[in-house]
>>> print(open('query-v5.txt').read())   # compact mmCIF, C-alpha atoms
# COMPACT_ATOMS: atom_id res chain seq x y z
CA MET A 1 38.12 100.23 -15.71
CA SER A 2 35.34 102.55 -14.59
CA GLY A 3 35.18 105.36 -12.06
CA PRO A 4 38.09 107.29 -10.55
CA VAL A 5 40.25 104.18 -10.20
CA ARG A 6 40.88 104.30 -13.92
CA LEU A 7 43.56 106.88 -13.26
CA ILE A 8 44.47 106.44 -9.63
CA ARG A 9 45.53 103.42 -7.63
CA ASP A 10 43.87 102.73 -4.31
CA TRP A 11 47.37 102.89 -2.93
CA PRO A 12 48.78 100.72 -0.19
CA VAL A 13 48.80 102.82 2.93
CA GLY A 14 52.42 101.83 3.38
CA LEU A 15 54.65 99.80 5.57
CA LEU A 16 52.95 98.55 8.68
CA LEU A 17 55.33 97.95 11.53
CA VAL A 18 54.32 94.84 13.40
CA ALA A 19 57.51 93.46 14.84
CA THR A 20 59.41 95.94 12.75
CA ILE A 21 58.53 96.55 9.14
CA ALA A 22 55.95 94.53 7.28
CA ALA A 23 54.18 95.11 4.01
CA THR A 24 50.49 95.70 3.66
CA ALA A 25 48.14 94.46 1.03
CA ALA A 26 46.49 97.02 -1.23
CA HIS A 27 43.18 98.18 0.16
CA ALA A 28 39.95 97.12 -1.50
CA GLN A 29 38.44 99.44 -4.07
CA ALA A 30 34.76 100.23 -4.36
CA TRP A 31 35.05 100.71 -8.14
CA LEU A 32 35.99 97.44 -9.81
CA PRO A 33 37.49 96.78 -13.25
CA GLU A 34 35.18 95.74 -16.08
CA PRO A 35 35.07 92.05 -17.07
CA GLY A 36 38.27 91.03 -18.82
CA ARG A 37 40.08 94.19 -17.77
CA GLY A 38 42.48 94.79 -14.95
CA SER A 39 45.60 96.48 -13.67
CA ILE A 40 49.02 95.49 -12.46
CA TYR A 41 51.03 97.70 -10.11
CA VAL A 42 54.67 97.35 -9.19
CA GLY A 43 55.48 99.49 -6.16
CA TYR A 44 58.46 100.36 -4.01
CA GLU A 45 58.27 101.72 -0.45
CA TYR A 46 60.92 102.92 1.96
CA GLY A 47 60.08 103.20 5.65
CA GLN A 48 61.91 104.35 8.77
CA VAL A 49 61.08 104.18 12.49
CA HIS A 50 62.68 106.03 15.37
CA TRP A 51 60.02 105.86 18.12
CA THR A 52 58.33 102.90 19.76
CA LEU A 53 54.86 103.91 21.05
CA LEU A 54 53.66 102.53 24.39
CA PRO A 55 50.28 102.58 26.18
CA ILE A 56 51.68 103.98 29.45
CA ASP A 57 53.93 106.86 30.49
CA VAL A 58 57.56 105.69 30.67
CA THR A 59 59.22 109.07 31.22
CA GLY A 60 62.63 108.49 32.78
CA ARG A 61 62.35 104.72 32.61
CA ALA A 62 65.57 103.07 31.47
CA PHE A 63 65.67 100.91 28.34
CA PRO A 64 69.46 100.61 28.38
CA PRO A 65 71.00 102.57 26.81
CA TYR A 66 67.79 104.48 25.95
CA VAL A 67 65.39 106.40 28.21
CA GLY A 68 61.62 106.76 27.85
CA GLU A 69 60.00 110.08 26.94
CA GLY A 70 56.28 110.27 27.72
CA LYS A 71 54.58 107.30 26.06
CA ARG A 72 57.43 106.65 23.66
CA VAL A 73 61.02 105.45 23.61
CA ALA A 74 63.71 105.48 20.94
CA LYS A 75 65.23 102.00 20.74
CA GLY A 76 67.44 102.38 17.68
CA GLU A 77 66.53 102.83 14.04
CA HIS A 78 64.37 100.47 11.99
CA TYR A 79 64.54 100.56 8.20
CA GLY A 80 62.45 98.73 5.63
CA GLN A 81 62.32 98.44 1.86
CA PHE A 82 59.28 96.89 0.30
CA ILE A 83 58.58 95.78 -3.27
CA ALA A 84 55.09 94.57 -4.13
CA VAL A 85 53.21 93.38 -7.19
CA ASP A 86 49.44 93.89 -7.11
CA LEU A 87 46.88 92.53 -9.56
CA ASP A 88 43.25 93.66 -9.87
CA TYR A 89 41.19 91.75 -12.46
CA GLY A 90 37.51 91.89 -13.45
CA ILE A 91 36.08 88.38 -13.59
CA ARG A 92 32.54 89.43 -14.51
CA LYS A 93 30.34 92.47 -14.02
CA GLY A 94 30.76 93.62 -10.42
CA LEU A 95 33.14 90.81 -9.41
CA ALA A 96 36.92 91.17 -9.24
CA LEU A 97 39.97 89.24 -8.08
CA THR A 98 42.88 90.91 -6.28
CA VAL A 99 46.31 89.43 -5.61
CA HIS A 100 49.10 91.00 -3.55
CA VAL A 101 52.66 89.61 -3.52
CA PRO A 102 55.18 91.47 -1.29
CA TYR A 103 58.92 91.25 -0.77
CA VAL A 104 60.36 92.86 2.39
CA ALA A 105 63.95 93.75 3.27
CA SER A 106 64.41 95.21 6.75
CA LYS A 107 67.17 95.96 9.23
CA TYR A 108 67.72 97.29 12.75
CA VAL A 109 70.57 99.58 13.75
CA GLY A 110 70.87 100.28 17.46
CA LEU A 111 72.06 99.22 20.88
CA HIS A 112 68.93 97.43 22.08
CA PRO A 113 68.57 94.04 20.35
CA PRO A 114 66.03 91.65 21.89
CA PRO A 115 67.42 89.00 24.24
CA ASP A 116 68.55 85.65 22.94
CA ALA A 117 66.39 82.56 23.43
CA PRO A 118 68.35 81.16 26.42
CA GLU A 119 67.37 84.24 28.45
CA ILE A 120 63.66 83.72 27.75
CA SER A 121 61.25 81.51 29.65
CA GLY A 122 57.71 80.51 28.81
CA PRO A 123 56.04 79.74 25.45
CA ALA A 124 58.59 81.77 23.42
CA GLN A 125 61.66 80.00 24.79
CA HIS A 126 62.50 78.17 21.58
CA LEU A 127 62.72 81.34 19.46
CA GLY A 128 65.93 83.30 18.94
CA THR A 129 66.06 86.88 17.61
CA ARG A 130 69.54 88.31 17.64
CA GLY A 131 70.31 86.94 14.18
CA VAL A 132 68.03 89.36 12.28
CA ASP A 133 69.12 92.37 14.36
CA ASP A 134 72.76 92.33 13.25
CA GLY A 135 72.62 95.69 11.45
CA ASN A 136 72.23 94.15 7.99
CA TYR A 137 69.24 93.98 5.68
CA HIS A 138 67.35 90.69 5.70
CA GLY A 139 65.00 90.08 2.79
CA THR A 140 62.13 87.64 2.29
CA LEU A 141 58.86 87.11 0.53
CA GLN A 142 56.20 88.03 3.05
CA ASP A 143 52.42 87.42 3.05
CA LEU A 144 50.34 86.61 -0.03
CA VAL A 145 46.85 88.15 -0.05
CA VAL A 146 44.15 86.87 -2.43
CA GLY A 147 40.72 88.48 -2.39
CA LEU A 148 37.34 88.52 -4.11
CA HIS A 149 35.31 91.75 -4.33
CA GLN A 150 31.63 91.98 -5.27
CA THR A 151 29.78 95.22 -5.95
CA VAL A 152 26.28 95.12 -4.43
CA LEU A 153 25.22 98.77 -4.83
CA SER A 154 26.07 101.35 -7.48
CA GLU A 155 23.79 104.32 -6.71
CA PRO A 156 23.99 106.74 -4.95
CA PHE A 157 27.02 105.07 -3.37
CA VAL A 158 29.19 102.29 -4.70
CA ALA A 159 29.29 99.51 -2.10
CA THR A 160 31.70 96.60 -2.54
CA PRO A 161 32.08 93.89 0.13
CA PHE A 162 35.16 91.67 -0.05
CA VAL A 163 36.80 88.64 1.50
CA SER A 164 40.54 87.93 1.46
CA LEU A 165 42.86 85.20 2.64
CA LEU A 166 46.33 86.05 3.90
CA ALA A 167 49.07 83.40 4.08
CA PRO A 168 52.86 83.62 4.54
CA LEU A 169 54.75 82.81 1.35
CA GLN A 170 57.69 81.34 3.24
CA ALA A 171 58.91 80.67 6.78
CA TYR A 172 60.47 84.05 7.49
CA HIS A 173 61.63 85.17 10.94
CA GLU A 174 58.70 86.73 12.81
CA ASP A 175 60.45 87.98 15.97
CA GLY A 176 63.06 90.70 16.45
CA HIS A 177 63.29 94.35 15.48
CA ALA A 178 64.07 93.44 11.86
CA ALA A 179 61.45 90.71 11.51
CA ALA A 180 59.56 90.77 8.22
CA GLY A 181 56.07 90.34 9.66
CA LYS A 182 53.88 88.31 11.99
CA ARG A 183 53.83 85.12 9.89
CA LEU A 184 50.21 84.33 10.72
CA ARG A 185 47.47 83.12 8.41
CA ALA A 186 44.40 85.36 8.51
CA LEU A 187 40.92 85.89 7.12
CA GLN A 188 39.88 89.40 6.16
CA VAL A 189 36.32 90.54 5.47
CA GLY A 190 35.03 94.04 4.91
CA ALA A 191 33.52 96.51 2.51
CA ALA A 192 34.41 99.66 0.59
CA LEU A 193 31.86 102.47 0.29
CA ALA A 194 32.52 105.31 -2.15
CA ARG A 195 30.96 108.01 -4.29
CA THR A 196 31.89 110.94 -6.43
CA LEU A 197 31.13 114.37 -4.99
CA ARG A 198 28.97 115.54 -7.88
CA PRO A 199 27.46 118.07 -8.26
CA PHE A 200 29.44 119.98 -5.62
CA LEU A 201 32.92 118.80 -6.63
CA PRO A 202 32.48 116.87 -9.87
CA ASP A 203 36.18 115.99 -10.06
CA ALA A 204 36.44 114.65 -6.51
CA TYR A 205 35.53 111.42 -4.77
CA CYS A 206 35.67 109.92 -1.29
CA GLN A 207 35.91 106.34 -0.06
CA VAL A 208 35.72 104.56 3.29
CA THR A 209 37.01 100.98 3.61
CA TYR A 210 36.36 98.82 6.67
CA THR A 211 38.34 95.60 7.21
CA TYR A 212 37.97 93.01 9.96
CA THR A 213 40.90 90.60 10.28
CA ALA A 214 40.93 87.38 12.29
CA ALA A 215 44.37 85.78 12.58
CA GLU A 216 45.14 82.19 13.46
CA ARG A 217 45.54 81.45 17.16
CA THR A 218 49.11 81.66 18.43
CA PHE A 219 50.51 81.37 21.97
CA ASP A 220 46.95 81.01 23.33
CA HIS A 221 45.95 84.35 21.78
CA ALA A 222 43.47 85.03 18.98
CA ILE A 223 44.25 88.37 17.34
CA HIS A 224 41.35 90.44 15.95
CA GLN A 225 41.77 93.69 14.07
CA ASN A 226 39.33 96.42 13.08
CA ARG A 227 40.56 98.92 10.54
CA VAL A 228 39.05 101.92 8.76
CA VAL A 229 40.76 103.72 5.88
CA MET A 230 39.32 107.00 4.61
CA ASP A 231 40.37 108.42 1.24
CA PHE A 232 39.68 111.72 -0.49
CA GLY A 233 40.78 112.14 -4.11
CA TYR A 234 40.66 115.04 -6.54
CA PHE A 235 41.38 115.08 -10.27
CA VAL A 236 43.26 118.30 -10.94
CA THR A 237 43.31 117.37 -14.63
CA PRO A 238 42.15 114.19 -16.40
CA ARG A 239 45.71 112.90 -15.97
CA LEU A 240 46.79 114.32 -12.61
CA SER A 241 45.06 113.34 -9.38
CA LEU A 242 45.81 114.11 -5.74
CA LYS A 243 44.83 112.03 -2.75
CA GLY A 244 44.74 112.24 1.04
CA ALA A 245 44.16 109.32 3.39
CA ALA A 246 43.68 108.51 7.06
CA ASP A 247 44.21 105.00 8.44
CA TRP A 248 42.69 104.05 11.83
CA MET A 249 43.28 100.62 13.35
CA ARG A 250 42.55 98.81 16.63
CA THR A 251 43.70 95.30 17.60
CA SER A 252 42.31 93.14 20.41
CA GLY A 253 43.01 89.71 21.83
CA GLY A 254 46.75 90.28 22.12
CA VAL A 255 49.20 91.77 24.61
CA GLU A 256 49.54 95.31 25.95
CA TRP A 257 53.06 96.74 26.18
CA ASP A 258 52.45 97.83 29.78
CA PHE A 259 55.26 95.78 31.39
CA GLY A 260 52.75 93.65 33.24
CA PRO A 261 53.04 89.88 33.86
CA GLU A 262 51.61 88.94 30.44
CA LEU A 263 54.08 91.09 28.55
CA ILE A 264 56.94 89.59 30.55
CA GLN A 265 55.69 86.09 29.77
CA TYR A 266 55.49 86.76 26.04
CA ARG A 267 58.22 89.39 25.79
CA LEU A 268 60.07 87.74 22.90
CA SER A 269 56.84 87.61 20.86
CA HIS A 270 55.42 90.92 22.09
CA ASP A 271 55.46 92.39 18.58
CA ARG A 272 53.63 89.44 17.08
CA LEU A 273 50.96 89.56 19.81
CA ALA A 274 50.73 93.34 20.15
CA ASN A 275 47.36 95.05 20.61
CA GLU A 276 48.37 97.60 17.99
CA ARG A 277 46.50 100.88 17.77
CA TRP A 278 47.29 103.70 15.39
CA LEU A 279 46.14 106.68 13.38
CA ARG A 280 48.25 107.28 10.28
CA VAL A 281 47.75 110.05 7.76
CA GLY A 282 49.30 110.92 4.44
CA GLY A 283 48.81 111.88 0.85
CA GLY A 284 50.29 112.14 -2.60
CA GLY A 285 49.30 111.90 -6.22
CA SER A 286 49.36 109.96 -9.46
CA TYR A 287 49.87 110.92 -13.08
CA SER A 288 48.56 109.04 -16.09
CA LEU A 289 51.32 108.86 -18.69
CA THR A 290 48.97 107.22 -21.20
CA PRO A 291 45.52 105.59 -20.88
CA ARG A 292 47.40 102.42 -19.93
CA TYR A 293 50.29 103.59 -17.74
CA LEU A 294 50.48 105.75 -14.65
CA ILE A 295 53.01 106.61 -11.96
CA TYR A 296 52.31 107.47 -8.35
CA LEU A 297 54.06 108.93 -5.31
CA PHE A 298 52.70 108.91 -1.76
CA GLY A 299 53.94 109.38 1.80
CA PHE A 300 52.51 109.00 5.27
CA PHE A 301 53.37 109.11 8.96
CA THR A 302 51.96 107.89 12.29
CA ALA A 303 49.99 110.65 14.04
CA SER A 304 49.30 108.62 17.19
CA GLY A 305 49.38 105.05 18.42
CA ALA A 306 50.16 102.51 21.13
CA ASN A 307 51.75 99.05 21.18
CA THR A 308 53.25 99.87 17.80
CA HIS A 309 55.93 101.94 16.07
CA ALA A 310 55.81 105.45 14.62
CA VAL A 311 56.49 104.80 10.97
CA ARG A 312 57.32 107.29 8.24
CA THR A 313 57.30 106.05 4.69
CA ILE A 314 57.33 107.06 1.06
CA ALA A 315 55.97 104.93 -1.77
CA THR A 316 56.26 105.12 -5.53
CA GLY A 317 55.44 102.82 -8.40
CA LEU A 318 54.15 102.17 -11.89
CA GLY A 319 50.68 100.97 -12.87
CA TRP A 320 49.57 99.26 -16.08
CA ASN A 321 45.94 98.92 -17.17
CA PHE A 322 45.35 95.97 -19.49
CA ALA A 323 42.53 94.31 -21.40
CA THR A 324 42.24 90.66 -22.34
CA PRO A 325 41.04 89.73 -25.87
CA TRP A 326 37.56 88.92 -24.52
CA ALA A 327 37.10 92.26 -22.73
CA ARG A 328 34.37 94.50 -24.10
CA GLY A 329 35.88 97.06 -26.47
CA ALA A 330 39.32 95.45 -26.39
CA PRO A 331 41.54 96.37 -29.37
CA ASP A 332 42.01 93.76 -32.08
>>> encode(input="query-v5.txt", output="structure tokens")
Amino acid sequence: MSGPVRLIRDWPVGLLLVATIAATAAHAQAWLPEPGRGSIYVGYEYGQVHWTLLPIDVTGRAFPPYVGEGKRVAKGEHYGQFIAVDLDYGIRKGLALTVHVPYVASKYVGLHPPPDAPEISGPAQHLGTRGVDDGNYHGTLQDLVVGLHQTVLSEPFVATPFVSLLAPLQAYHEDGHAAAGKRLRALQVGAALARTLRPFLPDAYCQVTYTYTAAERTFDHAIHQNRVVMDFGYFVTPRLSLKGAADWMRTSGGVEWDFGPELIQYRLSHDRLANERWLRVGGGGSYSLTPRYLIYLFGFFTASGANTHAVRTIATGLGWNFATPWARGAPD
């Protein structure tokens, strides 16, 4: 592989809480592997949520047995464990394939489970939720993401547009505090723009990745998401690198958690249809054990948001760089 990604993974920003805890795909990289070369990463993340973030002030409002504080309310504890396998592979010069396969185990512990289906009217009436919010972990394969990335510019910036398809791997439960995800097919398009900071900081680089996501229509709503991830990395030594990241996201086309008529109508599916907004920040580092193997450790938290959950997570994993027999310079 070429560029800074030879030693550092463009790490998954972490667990994204949609209904509760859902895995994210790895973000696109501007620097792509050489033809016939690639990397496989096996990662583990642990996430926890205490606060639900709302778009309006709910101070003193009762969410039995909890009470709102400002624009947030504690409605029990959400926990998630996430294992993912990610593949990046160079098909030809400037063209790469990425594959993301996640497994999610999540649970809710608290005194505020969503209502059962018989209490719900409207489009969500047929869905029940109490089963996944029984205080136990529920595990499932989540959403497969397959993408193609094409470098179109290499100087002075590296520019790499991409397109990805997201599809649920199985029919997991999408509603409830402990739901695994939104279970919606989606198309993602975007681009990564990056450069090293030579000559000012020859061992540093920065990258900005923009992703637009259009999800399939559900309950008469078409969800659209705009997301920007900004990374700054620094190689302390050829083996040790540090990284900071900021993740900004805005969703439209869905439902605001403002307790208006639309939220009441879709209250059982309010997580799936949420107009999520957040700013999440974090950082960590990776260490190259050998030219082929590296380990990484990262953490992040939600700095602000609305119609979402304030997640804190830590992620670790192992990466393996490989070369096929037809890769240039591959060992015999």
>>> atom_distance(input="query-v5.txt", atom1="CA of Asn275 in chain A", atom2="CA of Ser106 in chain A")
22.0 Å
>>> closest_atom_pairs(input="query-v5.txt", of="range 277-306 of chain A", to="range 33-39 of chain A", cutoff="12 Å", atoms="only C-alpha atoms", output="CSV")
residue,atom,partner,partner_atom,distance
A:Pro291,CA,A:Ser39,CA,11.6
A:Arg292,CA,A:Ser39,CA,8.8
A:Tyr293,CA,A:Ser39,CA,9.4
A:Leu294,CA,A:Ser39,CA,10.5
>>> write_last_selection(input="query-v5.txt", atoms="C-alpha atoms", output="PDB file, in the frame of the given file")
ATOM      1  CA  PRO A 291      45.520 105.590 -20.880  1.00  0.00           C
ATOM      2  CA  ARG A 292      47.400 102.420 -19.930  1.00  0.00           C
ATOM      3  CA  TYR A 293      50.290 103.590 -17.740  1.00  0.00           C
ATOM      4  CA  LEU A 294      50.480 105.750 -14.650  1.00  0.00           C
TER       5      LEU A 294
END
>>> residues_around(input="query-v5.txt", residues="range 185-199 of chain A", least_positions_apart="6", cutoff="7 Å", atoms="all atoms listed in the file", output="ChimeraX atom specification")
/A:28-30,157-168,205-216
>>> atom_distance(input="query-v5.txt", atom1="CA of Gly80 in chain A", atom2="CA of Asp231 in chain A")
24.5 Å
>>> closest_residue(input="query-v5.txt", among="A:Ala245, A:Leu318, A:Leu95, A:Val104", to="Ile295 in chain A", atoms="all atoms listed in the file")
A:Leu318
>>> residues_near_point(input="query-v5.txt", point="(62.9, 103.4, 30.4)", cutoff="12 Å", atoms="all atoms listed in the file", output="list in words")
Thr52, Leu54, Ile56, Asp57, Val58, Thr59, Gly60, Arg61, Ala62, Phe63, Pro64, Pro65, Tyr66, Val67, Gly68, Glu69, Gly70, Lys71, Arg72, Val73, Ala74, Lys75, His112, Asp258 and Phe259 of chain A
>>> atom_distance(input="query-v5.txt", atom1="CA of Leu141 in chain A", atom2="CA of Val49 in chain A")
21.0 Å
>>> closest_residue(input="query-v5.txt", among="A:Ser286, A:Ser241, A:Asn136, A:Thr218", to="His78 in chain A", atoms="only C-alpha atoms")
A:Asn136
>>> residues_around(input="query-v5.txt", residues="Gln81 in chain A", least_positions_apart="2", cutoff="6 Å", atoms="only C-alpha atoms", output="list of chain:residue names")
A:Glu45, A:Tyr46, A:Val104, A:Ala105
>>> write_last_selection(input="query-v5.txt", atoms="C-alpha atoms", output="PDB file, in the frame of the given file")
ATOM      1  CA  GLU A  45      58.270 101.720  -0.450  1.00  0.00           C
ATOM      2  CA  TYR A  46      60.920 102.920   1.960  1.00  0.00           C
ATOM      3  CA  VAL A 104      60.360  92.860   2.390  1.00  0.00           C
ATOM      4  CA  ALA A 105      63.950  93.750   3.270  1.00  0.00           C
TER       5      ALA A 105
END
>>> closest_residue(input="query-v5.txt", among="A:Asp271, A:Asp143, A:Asp86, A:Glu276", to="Gly43 in chain A", atoms="all atoms listed in the file")
A:Asp86
>>> residues_around(input="query-v5.txt", residues="range 170-172 of chain A", least_positions_apart="5", cutoff="9 Å", atoms="all atoms listed in the file", output="NGL selection string")
:A and (139-143 or 179-181 or 183)
>>> closest_residue(input="query-v5.txt", among="A:Gln265, A:Thr313, A:Gln48, A:Thr302", to="Val281 in chain A", atoms="all atoms listed in the file")
A:Thr302
>>> closest_residue(input="query-v5.txt", among="A:Val101, A:Ile91, A:Leu263, A:Met249", to="Val42 in chain A", atoms="all atoms listed in the file")
A:Val101
>>> closest_residue(input="query-v5.txt", among="A:Phe300, A:His100, A:Asn226, A:Tyr287", to="Gly317 in chain A", atoms="all atoms listed in the file")
A:Tyr287
